[in-house]
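**Student:** Please see the structure below; I have some questions.
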Amino acid sequence: MNRPLSCSARTRPCHRPPPTGPITVTDLHRHLRERLLAASVDLGLDATAAADLVRLDAPKNKDHGDIALGAFQLAKLAGKAPPAFAAELAAKITPDAVIESSAAAGPFVNFRFRRAALAREVLSAIQSDAAPYGKATPTGEVVCIDFSSPNIAKPFHIGHMRSTVIGNALCRIHRHQGATVHGINHLGDWGMPFAKMMTAYMHFGDEAKLHESPMRYMFELYKRYGKEAEANPGLDDEAAKRFKALESGVDNDERRMWQLLRDESLKAFQGPYTRLGVTFDHVTGESFFEDKMEAAMARVTAAGVLEESEGAEVVKLEDKGIKVPCLLRKSDGTTLYHTRDLAAVFYREQQYHPNRILYVVGAEQKLHFAQLKAVLEKMNEPIAAAVEHVPFGLVLSKTEDGKYEKFASRAGNAVFLDEILDESVAKVRQVIAEKNPDLDDKDQVAEQVGVSAIVFNDLKNSRIKDVKFDWDAMLAFEGETGPYVQYAVARLSSILRKVDAPVPATDQVDFALLADAERVLLQMMEFGNAVRRAAEQSEPSVVTSFAIALAGEIHSYLVDHYVVGAEPAVQQARLVLVDAARRLLTTALDLLGIPAPERM
RNA sequence: GCGCCCGUAGCUCAGUCGGAUAGAGCAUCGGAUUUCUAAUCCGGCGGUCGCAGGUUCGAUCCCUGCCGGGCGUGCCA
């Protein structure tokens, strides 16, 4: 079994650098907050107590205003009825340079920003690439992200994609937030699955076939081993012996075989990684920790938590609320998944000094990571606090009667990632032939859009949900899809090309002319919040949703707001808006690891 | 059995710290192109937020129980 196939939040870099230079969009909120706080104090509230209760949210119904405050808690603090207090508060917030109005509506206070101020602050910040729209200054936070981590003795199929694309997005999101990120591919190149593959190859292997198509051939071997082992249980015993021989450290047949299969697998895996645009800072698989496990075991022993049980060495975790002990050494003396993960934690601690270590691994391995963390806690290792499992759901295949079931690679219904990507790219090529036959670089664009459609689809929903793999849905490029967002970028790029004039600097624009772009601007303003939430909760889908929403707003806006034929002053203002929307969508897609072609 | 996760429109899903009239996409029906890409936009239809209690001024959200589905549960990863 491999890691792939499936949160939490601790520290976060709070709002970006101090307000030097141009006012950024966060300052609209900050300004309102300060006014509200001052008003609360005027109304007799304690400043520190009130500070926590001034919480601004975008109202669900946009008719209510740009931003709203539910005055329930503040009213309680004041000992007044919420509607009465809301009215008093609203009256105190008189209009100023950026606040257009404040109005009480029952227990709520609704605010509106001046349209020109809204446009100026949002668009200036985007144009100057200021955080949160641009990369934040380094915060000093260090995040290790253990992702993809396929068992390389198995084919790279659809199930492996989730950890890969979620982890990749998290790397990008945390870097954007100013963290130092170590993206780590903890390859499954050790242990029993690898020993089984080795055993299969030693019995039925054919080197020519292996070199010809390593991934497919190893899939054949994998299936064959499964069948043979059913008929002949001795095979598993042999595999165990071979693993022991491999782990003895002696230069023997097993070691040479391990080297051959590992090399071939790694080469084969490079294909999907390249197509997905995924890179790693460190490729330190399980085998990397071969010579680091004894030190780790010594540390566990020294901590006094290691016990002998039924011939194995374990750490009992009942006192941590976990009934199943954590096995660190089998009765035959060989090591386990946990042993290597423990060694990896110590290694990462010493090498990278991380604040967080995220394990982007399927939800079915929850117990494994709970045990890992519990062992570290029991050892009183402070690094325990950094260990966070980031689980995600399974990929299910659709059955003929419209239900969904787990992919079973043993049964052979596994779908290779390459097949899916190829299928998607082919479909995109078809759409291009219909809609944009004169496009240059058709192949490159088809690859970019086709692969992105699959990646986007995987990042669209909360990661904990199972992904329902449905060809029809996967190959539909309308509605909430990757191509929908990319298409928005392409349209915006097209406008900028057609106008063929430089985008004006923000101090040369009359932002009052963008009053009709309020929905776009308010959506843009959500970006920082979205990225922060995505980082805190290890949830790239927050960024995906943002991208869909902004693309939707700009698509709607473009319908009846022309740039090309517009009055010069209007055109100038709209150019800034269009350019900002293009930048922001491109950034959002980039955080997801998705390219944004200028034409499609 | 025990532990954990999921359950919101016909389907796939959002719903942020408990807050205003629960939102999208797909499907379906009806519209929009003399101008920047119709992979688009606008509108209609569609809801017992699994069920029952509880807490609260207020629950899709928190608590308890139940139902349905999934995952896990000592020498695999």
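Chain labels follow the order of the structure tokens: the first chain is A, the next B, and so on; residue numbering restarts at 1 in every chain, and ligands are counted from 1 in their shown order.
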Excluding C49 in chain B and residues on its chain fewer than 4 positions from it, collect all residues at most 8 Å away from it, counting only C-alpha atoms (C1' of nucleotides), and give them as a ChimeraX atom specification.

**Tutor:** /B:8,22,60

**Student:** Deliver the residues from the most recent selection as a file, using N, CA and C atoms (P, O5', C5', C4', C3', O3' and C1' of nucleotides), as a tab-separated table (two decimals), in the first residue's frame.

**Tutor:**
```tsv
chain	number	residue	atom	x	y	z
B	8	U	P	-26.43	14.79	0.96
B	8	U	O5'	-26.82	16.22	1.54
B	8	U	C5'	-28.07	16.41	2.18
B	8	U	C4'	-28.54	17.83	2.02
B	8	U	C3'	-28.62	18.33	0.59
B	8	U	O3'	-29.84	17.93	-0.04
B	8	U	C1'	-27.46	19.91	1.86
B	22	A	P	-33.83	30.73	3.16
B	22	A	O5'	-32.41	30.49	2.49
B	22	A	C5'	-31.23	31.08	3.01
B	22	A	C4'	-30.04	30.23	2.65
B	22	A	C3'	-29.98	29.83	1.19
B	22	A	O3'	-29.30	30.82	0.44
B	22	A	C1'	-29.58	27.95	2.58
B	60	U	P	-30.86	25.28	10.72
B	60	U	O5'	-29.98	24.41	9.71
B	60	U	C5'	-30.05	23.00	9.73
B	60	U	C4'	-28.79	22.40	9.18
B	60	U	C3'	-27.58	22.52	10.09
B	60	U	O3'	-27.53	21.45	11.00
B	60	U	C1'	-27.01	23.17	7.87
```

**Student:** Excluding range 156-170 of chain A and any residue of its chain fewer than 5 positions from it, enumerate the residues within 8 Å of it, using only C-alpha atoms (C1' of nucleotides), and give them as a VMD selection string.

**Tutor:** chain A and resid 4 to 6 145 to 150 183 215 269 272 276 278 to 279 360 to 362 392 394 to 395 414 to 418 420 455 458 to 459 534 to 535 538 to 540 591 to 593

**Student:** Could those selected residues go to a file with N, CA and C atoms, as an mmCIF file, in the first residue's frame?

**Tutor:**
```
data_model
loop_
_atom_site.group_PDB
_atom_site.id
_atom_site.type_symbol
_atom_site.label_atom_id
_atom_site.label_comp_id
_atom_site.auth_asym_id
_atom_site.auth_seq_id
_atom_site.Cartn_x
_atom_site.Cartn_y
_atom_site.Cartn_z
ATOM 1 N N PRO A 4 -0.453 7.583 -1.092
ATOM 2 C CA PRO A 4 -1.500 8.380 -1.694
ATOM 3 C C PRO A 4 -2.928 7.891 -1.458
ATOM 4 N N LEU A 5 -3.724 7.923 -2.388
ATOM 5 C CA LEU A 5 -5.177 7.653 -2.305
ATOM 6 C C LEU A 5 -5.728 8.515 -1.171
ATOM 7 N N SER A 6 -5.772 10.256 0.079
ATOM 8 C CA SER A 6 -6.584 11.123 0.958
ATOM 9 C C SER A 6 -6.302 12.646 1.137
ATOM 10 N N ILE A 145 6.309 19.566 3.567
ATOM 11 C CA ILE A 145 5.111 18.945 3.014
ATOM 12 C C ILE A 145 5.493 17.629 2.364
ATOM 13 N N ASP A 146 5.027 16.561 2.985
ATOM 14 C CA ASP A 146 5.299 15.209 2.516
ATOM 15 C C ASP A 146 4.143 14.841 1.610
ATOM 16 N N PHE A 147 4.402 14.766 0.313
ATOM 17 C CA PHE A 147 3.288 14.512 -0.602
ATOM 18 C C PHE A 147 3.695 13.660 -1.794
ATOM 19 N N SER A 148 2.692 13.214 -2.496
ATOM 20 C CA SER A 148 2.818 12.292 -3.623
ATOM 21 C C SER A 148 3.236 10.912 -3.105
ATOM 22 N N SER A 149 4.486 10.809 -2.667
ATOM 23 C CA SER A 149 4.981 9.612 -1.993
ATOM 24 C C SER A 149 4.361 8.312 -2.485
ATOM 25 N N PRO A 150 4.437 8.048 -3.776
ATOM 26 C CA PRO A 150 3.830 6.826 -4.290
ATOM 27 C C PRO A 150 4.655 5.611 -3.907
ATOM 28 N N GLY A 183 9.185 20.720 -0.057
ATOM 29 C CA GLY A 183 8.304 19.716 -0.657
ATOM 30 C C GLY A 183 9.059 18.403 -0.765
ATOM 31 N N MET A 215 6.330 1.023 -16.201
ATOM 32 C CA MET A 215 5.164 1.157 -15.339
ATOM 33 C C MET A 215 4.115 0.099 -15.647
ATOM 34 N N PHE A 269 8.130 7.387 -13.327
ATOM 35 C CA PHE A 269 7.301 8.360 -12.613
ATOM 36 C C PHE A 269 7.559 9.784 -13.069
ATOM 37 N N PRO A 272 4.532 11.438 -15.473
ATOM 38 C CA PRO A 272 3.388 12.127 -14.864
ATOM 39 C C PRO A 272 3.785 13.405 -14.137
ATOM 40 N N LEU A 276 2.234 17.070 -14.967
ATOM 41 C CA LEU A 276 1.486 17.788 -13.937
ATOM 42 C C LEU A 276 2.232 19.034 -13.470
ATOM 43 N N VAL A 278 4.836 19.122 -11.542
ATOM 44 C CA VAL A 278 5.140 18.966 -10.123
ATOM 45 C C VAL A 278 6.631 18.718 -9.928
ATOM 46 N N THR A 279 7.218 19.464 -9.014
ATOM 47 C CA THR A 279 8.615 19.217 -8.660
ATOM 48 C C THR A 279 8.727 19.085 -7.146
ATOM 49 N N VAL A 360 0.464 14.703 3.362
ATOM 50 C CA VAL A 360 -0.681 14.666 2.453
ATOM 51 C C VAL A 360 -0.881 13.216 2.025
ATOM 52 N N VAL A 361 -1.645 12.520 2.835
ATOM 53 C CA VAL A 361 -1.792 11.074 2.684
ATOM 54 C C VAL A 361 -3.263 10.702 2.902
ATOM 55 N N GLY A 362 -3.719 9.689 2.210
ATOM 56 C CA GLY A 362 -5.117 9.274 2.243
ATOM 57 C C GLY A 362 -5.704 9.097 3.644
ATOM 58 N N PHE A 392 -7.167 12.867 2.760
ATOM 59 C CA PHE A 392 -8.093 13.133 1.656
ATOM 60 C C PHE A 392 -8.836 11.868 1.295
ATOM 61 N N LEU A 394 -11.009 8.956 -1.048
ATOM 62 C CA LEU A 394 -10.653 7.984 -2.081
ATOM 63 C C LEU A 394 -11.100 8.457 -3.457
ATOM 64 N N VAL A 395 -10.563 7.821 -4.472
ATOM 65 C CA VAL A 395 -11.087 8.011 -5.817
ATOM 66 C C VAL A 395 -11.977 6.808 -6.107
ATOM 67 N N ALA A 414 -7.945 -0.341 -12.438
ATOM 68 C CA ALA A 414 -7.199 0.891 -12.213
ATOM 69 C C ALA A 414 -7.059 1.632 -13.536
ATOM 70 N N VAL A 415 -7.155 2.949 -13.463
ATOM 71 C CA VAL A 415 -6.993 3.742 -14.670
ATOM 72 C C VAL A 415 -5.665 4.474 -14.553
ATOM 73 N N PHE A 416 -4.845 4.341 -15.566
ATOM 74 C CA PHE A 416 -3.562 5.017 -15.534
ATOM 75 C C PHE A 416 -3.765 6.509 -15.729
ATOM 76 N N LEU A 417 -3.003 7.274 -14.994
ATOM 77 C CA LEU A 417 -3.122 8.715 -15.084
ATOM 78 C C LEU A 417 -2.896 9.201 -16.514
ATOM 79 N N ASP A 418 -1.925 8.615 -17.180
ATOM 80 C CA ASP A 418 -1.624 9.047 -18.535
ATOM 81 C C ASP A 418 -2.815 8.898 -19.470
ATOM 82 N N ILE A 420 -5.953 9.097 -18.697
ATOM 83 C CA ILE A 420 -6.924 10.142 -18.393
ATOM 84 C C ILE A 420 -6.475 11.472 -18.983
ATOM 85 N N VAL A 455 -6.612 18.252 -13.185
ATOM 86 C CA VAL A 455 -6.054 18.724 -11.918
ATOM 87 C C VAL A 455 -7.082 19.572 -11.168
ATOM 88 N N ASP A 458 -9.751 17.745 -9.465
ATOM 89 C CA ASP A 458 -9.322 17.083 -8.240
ATOM 90 C C ASP A 458 -9.198 18.063 -7.080
ATOM 91 N N LEU A 459 -8.963 19.338 -7.387
ATOM 92 C CA LEU A 459 -8.769 20.336 -6.332
ATOM 93 C C LEU A 459 -10.044 21.112 -6.030
ATOM 94 N N ALA A 534 -6.844 28.642 3.016
ATOM 95 C CA ALA A 534 -6.308 27.459 2.339
ATOM 96 C C ALA A 534 -5.045 26.970 3.050
ATOM 97 N N ALA A 535 -4.196 27.914 3.467
ATOM 98 C CA ALA A 535 -2.946 27.545 4.137
ATOM 99 C C ALA A 535 -3.226 26.999 5.534
ATOM 100 N N SER A 538 -5.088 23.673 5.195
ATOM 101 C CA SER A 538 -4.537 22.741 4.204
ATOM 102 C C SER A 538 -5.608 22.350 3.195
ATOM 103 N N GLU A 539 -6.278 23.357 2.671
ATOM 104 C CA GLU A 539 -7.447 23.103 1.840
ATOM 105 C C GLU A 539 -7.406 23.920 0.542
ATOM 106 N N PRO A 540 -6.739 23.371 -0.489
ATOM 107 C CA PRO A 540 -6.625 24.119 -1.741
ATOM 108 C C PRO A 540 -7.969 24.451 -2.392
ATOM 109 N N LEU A 591 -1.274 29.177 -7.894
ATOM 110 C CA LEU A 591 -1.243 28.576 -6.561
ATOM 111 C C LEU A 591 -1.747 27.140 -6.607
ATOM 112 N N LEU A 592 -2.526 26.834 -7.623
ATOM 113 C CA LEU A 592 -3.051 25.476 -7.767
ATOM 114 C C LEU A 592 -2.158 24.628 -8.671
ATOM 115 N N GLY A 593 -1.111 25.244 -9.182
ATOM 116 C CA GLY A 593 -0.213 24.519 -10.082
ATOM 117 C C GLY A 593 -0.762 24.408 -11.490
#
```

**Student:** Within 7 Å of range 428-433 of chain A, counting only C-alpha atoms (C1' of nucleotides), which residues show up once you throw out same-chain ones fewer than 5 positions away? Write them as a list in words, please.

**Tutor:**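 Near range 428-433 of chain A, the qualifying residues are Ala446, Val449 and Gly450 of chain A.
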
**Student:** Could you dump the residues just selected with C-alpha atoms as a PDB file, in the first residue's frame?

**Tutor:**
```
ATOM      1  CA  ALA A 446      -4.469  21.467 -25.623  1.00  0.00           C
ATOM      2  CA  VAL A 449      -5.921  22.981 -20.827  1.00  0.00           C
ATOM      3  CA  GLY A 450      -6.524  19.232 -20.892  1.00  0.00           C
TER       4      GLY A 450
END
```

**Student:** What residues in chain A have any atom no more than 6 Å from chain B when counting only C-alpha atoms (C1' of nucleotides), and can you write them as a PyMOL selection string?

**Tutor:** chain A and resi 1-2+330+364+478-480+491+495+564

**Student:** Range 467-470 of chain A: which residues within 7 Å, counting only C-alpha atoms (C1' of nucleotides), same-chain residues fewer than 5 positions away excluded, as a ChimeraX atom specification?

**Tutor:** /A:393-398,404

**Student:** Since we have the selection now, will you write its residues out, keeping C-alpha atoms, as a PDB file, in the first residue's frame?

**Tutor:**
```pdb
ATOM      1  CA  GLY A 393     -10.833  10.906   0.275  1.00  0.00           C
ATOM      2  CA  LEU A 394     -10.653   7.984  -2.081  1.00  0.00           C
ATOM      3  CA  VAL A 395     -11.087   8.011  -5.817  1.00  0.00           C
ATOM      4  CA  LEU A 396     -14.179   6.003  -6.651  1.00  0.00           C
ATOM      5  CA  SER A 397     -15.105   4.574 -10.010  1.00  0.00           C
ATOM      6  CA  LYS A 398     -18.599   4.770 -11.417  1.00  0.00           C
ATOM      7  CA  TYR A 404     -19.589   4.441  -7.068  1.00  0.00           C
TER       8      TYR A 404
END
```

**Student:** State, in Å with one decimal place, the distance from CA of Asp291 in chain A to CA of Met192 in chain A.

**Tutor:** 17.5 Å

**Student:** Between A:Asp52, A:Ala75, A:Tyr337, A:Arg356, which residue has the minimum interatomic distance to Glu141 in chain A, considering only C-alpha atoms?

**Tutor:**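 Closest residue, counting only C-alpha atoms: A:Arg356.
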
**Student:** Residues near U64 in chain B, anyone? I mean within 12 Å using only C-alpha atoms (C1' of nucleotides), not counting same-chain ones fewer than 4 positions away, as a PyMOL selection string.

**Tutor:** chain B and resi 52-55
